[in-house]
Amino acid sequence: MNAPQRPHSPGLTQDPAAPSGPGSPQTPPIRLLLVDDDPLVRAGLSFMLGGLPDIRIVGEAADGTEVASLVEQHAPDVILMDIRMPAMDGLAATEELRSREQAPEVIVLTTFHADEQVLRALRAGAAGFVLKDTPPAEIVAAVRRVAAGEPVLSPAVTQQLIARVTGHEQPQEQDTRGDRARGQLALLNDRERAVAVAVGRGQSNAEIARSLYLSVATVKTHVSRILTKLGLNNRVQIALLVHDAGGLDTEA
């Protein structure tokens with residue numbers, strides 16, 4: 001008799017785009033690490049995600065202090081990281097991880113719209129955030145998008161976060177951040193700055209290619225060079241830098 005199969009949660013069937021991405025028959029499944037101090041949350045996420053053919057849960061942690069060793073052991077592609085944990089919170093763990101070479105992508109988990117904490121996590125290199133009460137299908141989609149190298153935070157949400165957080169900053173702090181960002185963008189050539197501003201607008205590679213009369217492959221090359229030159233981890237950080245430098249009015 002065959003062993004009973006693990007049931008899939010409603011709405012979590014393989015989406016049409018999944019076969020061409022990580023976890024498809026041609027590629028290994030997405031290696032996922034769950035980090036949350038609540039065992040019930042971890043159990044729920046494990047049940048939700050563990051039955052999918054393109055995702056493999058390789059480990060679980062109850063605190064940020066456990067993350068580094070688990071990353072060394074299991075080499076996850078993506079980490080779902082809680083913000084609030086007792087000894088080392090998810091922000092500190094994200095900052096430590098993303099300073100490494102070949103760091104896994106991080107999606108921040110939170111039960112509240114903690115604007116300042118989320119923005120700090122994004123500045124540290126997290127690829128986005130999801131609320132714990134986000135519909136299951138959207139959490140799955142976020143994991144797949146991040147594994148494919150795409151951010152899970154829209155430009156509109158990024159702008160809202162920056163506007164709310166910077167509204168509470170001292171003018172000197174805003175000026176310092178802006179000066180630093182403009183100095184970093186000055187390291188780019190004209191074409192790279194144009195691409196960076198387009199990323200800040202939330203344009204896809206195809207949209208950037210059309211607007212700048214480039215091939216998609218050339219746009220990808222420019223994005224990679226921007227990340228390398230400026231020591232950034234992902235497109236979200238490029239967008240944050242553009243906004244810090246003066247937003248979409250930054251000269252290209």
# chains A, B, ... in the order shown; residues from 1 in each chain; ligands from 1

$ select_by_dssp --residues "range 81-252 of chain A" --states "alpha helix (DSSP H)" --output "ChimeraX atom specification"
/A:90-98,115-124,136-147,155-166,171-185,190-200,205-212,216-230,235-244

$ select_by_dssp --residues "range 97-144 of chain A" --states "strand (DSSP E)" --output "PyMOL selection string"
chain A and resi 105-110+128-131

$ residues_around --residues "Ala62 in chain A" --least-positions-apart "4" --cutoff "6 Å" --atoms "only C-alpha atoms" --output "ChimeraX atom specification"
/A:35-37

$ atom_distance --atom1 "CA of Glu192 in chain A" --atom2 "CA of Ala103 in chain A"
24.3 Å

$ atom_distance --atom1 "CA of Ala239 in chain A" --atom2 "CA of Arg201 in chain A"
7.4 Å

$ closest_residue --among "A:Ala147, A:Val199, A:Leu119, A:Ile107" --to "Asp77 in chain A" --atoms "only C-alpha atoms"
A:Ala147

$ residues_around --residues "range 235-238 of chain A" --least-positions-apart "4" --cutoff "10 Å" --atoms "only C-alpha atoms" --output "MDAnalysis selection string"
chainID A and resid 122:128 149:155 158 181 185 195:200 202 223:224 226:227 230:231 242:244

$ closest_residue --among "A:His222, A:Arg31, A:Arg145, A:Arg42" --to "Ile57 in chain A" --atoms "only C-alpha atoms"
A:Arg31

$ atom_distance --atom1 "CA of Lys220 in chain A" --atom2 "CA of Arg144 in chain A"
19.5 Å
